[in-house]
Amino acid sequence: MVAEKFLIVIHANQQDVGKAVHGLLYGQELYEAGCEVEIVFDGLGTQWPDEFGKPEHPFHALFKQVMKSGIIKGGCQACSGFFEVAEQIENAGIPLIGNEGSGGHIPFGQYVKDGFLPIVL
C-alpha cells in the first residue's frame, strides 16, 4: 500500500537549516503530487516560522510559497511556549496546536491513527 497522507514534523534546530528547508520542500513536492500533507513545527523547530518570515532570509520565498499552499497546519503549543515563540508563530499566520492529553503537544498519535505517515526532520 502506498502512503498518500504525510505529516512532516519540522523539529530541526537553528543549525539544521537544511532539515527545516527540506521539510518545506518535501511537503510542497508531495502536495503538488496530489498527496495530503500537513506540516507542523515542533520542539526547537517552532523557531523557524519567525526566521523564514524575515524577507531577508534566503528561504523566505519558499516559506511563503508553502504557506500559500495551505499545508502548514501549526506549531506545537507547548513547545512554542517553552521556547517563547508562540507570538511569533501566530504573527506568521500559523495556528498553535496541541493535545490536552499530552500537555499541549501536537496530536502525533492522532495523526498516525488518521493514516498519516510521519516524517520527522
# chains A, B, ... in the order shown; residues from 1 in each chain; ligands from 1
>>> closest_atom_pairs(of="region 60-107 of chain A", to="region 19-23 of chain A", cutoff="12 Å", atoms="only C-alpha atoms", output="tab-separated table")
residue	atom	partner	partner_atom	distance
A:His60	CA	A:Val21	CA	10.1
A:Ala61	CA	A:Val21	CA	11.3
A:Leu62	CA	A:Val21	CA	8.3
A:Phe63	CA	A:Val21	CA	8.5
A:Val66	CA	A:Gly23	CA	10.3
A:Ile71	CA	A:Gly23	CA	11.4
A:Ile72	CA	A:Gly23	CA	10.5
>>> select_by_dssp(residues="chain A", states="strand (DSSP E)", output="PyMOL selection string")
chain A and resi 5-10+36-41+72-76+96-97+117-120
>>> residues_around(residues="Cys76 (chain A)", least_positions_apart="5", cutoff="9 Å", atoms="only C-alpha atoms", output="PyMOL selection string")
chain A and resi 40-43+46+81+86+95-98+104-106
>>> select_by_dssp(residues="chain A", states="alpha helix (DSSP H)", output="ChimeraX atom specification")
/A:17-32,48-52,60-69,77-82,86-91,108-113
>>> residues_around(residues="Phe108 (chain A)", least_positions_apart="6", cutoff="10 Å", atoms="only C-alpha atoms", output="ChimeraX atom specification")
/A:7,9,98-99,102,114,116,118
>>> residues_around(residues="Trp48 (chain A)", least_positions_apart="3", cutoff="10 Å", atoms="only C-alpha atoms", output="list in words")
Ile10, His11, Ala12, Asn13, Gln14, Val17, Ala20, Val21, Phe41, Asp42, Leu44, Gly45, Glu51, Phe52, Gly53, Phe63, Gly75, Val85, Gln88 and Ile89 of chain A
>>> write_last_selection(atoms="N, CA, C and O atoms", output="compact mmCIF listing (two decimals), in the first residue's frame")
# COMPACT_ATOMS: atom_id res chain seq x y z
N ILE A 10 8.70 19.43 11.46
CA ILE A 10 9.98 20.15 11.42
C ILE A 10 10.41 20.38 12.86
O ILE A 10 9.81 21.16 13.59
N HIS A 11 11.43 19.63 13.24
CA HIS A 11 11.94 19.61 14.61
C HIS A 11 13.36 20.17 14.67
O HIS A 11 13.97 20.25 15.72
N ALA A 12 13.88 20.56 13.52
CA ALA A 12 15.27 20.98 13.37
C ALA A 12 15.59 22.23 14.19
O ALA A 12 14.79 23.16 14.23
N ASN A 13 16.79 22.23 14.77
CA ASN A 13 17.22 23.43 15.49
C ASN A 13 17.78 24.45 14.50
O ASN A 13 17.83 24.21 13.30
N GLN A 14 18.23 25.57 14.99
CA GLN A 14 18.67 26.66 14.13
C GLN A 14 19.94 26.35 13.34
O GLN A 14 20.22 27.01 12.34
N VAL A 17 19.40 24.20 9.22
CA VAL A 17 18.56 24.86 8.23
C VAL A 17 18.21 23.92 7.08
O VAL A 17 17.11 23.96 6.55
N ALA A 20 15.18 21.84 8.01
CA ALA A 20 13.96 22.65 8.02
C ALA A 20 13.51 22.98 6.60
O ALA A 20 12.33 22.85 6.26
N VAL A 21 14.46 23.35 5.75
CA VAL A 21 14.14 23.68 4.37
C VAL A 21 13.63 22.46 3.63
O VAL A 21 12.65 22.54 2.87
N PHE A 41 5.41 22.53 13.06
CA PHE A 41 6.68 22.89 13.69
C PHE A 41 6.63 22.43 15.13
O PHE A 41 5.68 22.76 15.85
N ASP A 42 7.67 21.72 15.58
CA ASP A 42 7.68 21.12 16.91
C ASP A 42 9.05 21.32 17.54
O ASP A 42 10.05 21.49 16.83
N LEU A 44 12.42 22.60 18.96
CA LEU A 44 13.17 23.77 18.52
C LEU A 44 12.75 24.24 17.14
O LEU A 44 13.00 25.38 16.76
N GLY A 45 12.07 23.39 16.41
CA GLY A 45 11.57 23.77 15.09
C GLY A 45 10.54 24.88 15.13
O GLY A 45 10.27 25.52 14.12
N GLU A 51 11.98 32.92 11.64
CA GLU A 51 13.18 33.07 10.80
C GLU A 51 12.80 33.11 9.32
O GLU A 51 13.25 33.98 8.59
N PHE A 52 12.02 32.14 8.89
CA PHE A 52 11.61 32.08 7.48
C PHE A 52 10.74 33.28 7.09
O PHE A 52 10.66 33.63 5.91
N GLY A 53 10.07 33.87 8.06
CA GLY A 53 9.20 35.01 7.78
C GLY A 53 9.94 36.31 7.51
O GLY A 53 9.34 37.28 7.05
N PHE A 63 9.17 29.62 1.92
CA PHE A 63 8.24 29.59 3.05
C PHE A 63 6.90 30.21 2.65
O PHE A 63 5.84 29.64 2.93
N GLY A 75 1.97 25.08 14.82
CA GLY A 75 3.15 24.99 15.65
C GLY A 75 2.74 24.43 16.99
O GLY A 75 1.65 24.72 17.49
N VAL A 85 8.18 31.50 21.62
CA VAL A 85 7.97 31.94 20.24
C VAL A 85 6.49 31.84 19.82
O VAL A 85 6.19 31.97 18.64
N GLN A 88 5.29 34.84 17.85
CA GLN A 88 5.89 34.91 16.52
C GLN A 88 5.22 33.92 15.57
O GLN A 88 5.02 34.23 14.40
N ILE A 89 4.88 32.74 16.06
CA ILE A 89 4.20 31.75 15.22
C ILE A 89 2.83 32.27 14.79
O ILE A 89 2.48 32.22 13.62
>>> residues_around(residues="Leu117 (chain A)", least_positions_apart="2", cutoff="7 Å", atoms="only C-alpha atoms", output="list of chain:residue names")
A:Ala3, A:Lys5, A:Phe6, A:Leu7, A:Val112, A:Gly115, A:Ile119
>>> closest_residue(among="A:Gln15, A:Gln28, A:Gln47, A:Ser80", to="Lys68 (chain A)", atoms="only C-alpha atoms")
A:Gln28
>>> atom_distance(atom1="CA of Gly27 (chain A)", atom2="CA of Gly101 (chain A)")
27.3 Å
>>> closest_residue(among="A:Ile39, A:Leu24, A:Leu121, A:Cys79", to="Lys64 (chain A)", atoms="only C-alpha atoms")
A:Leu24
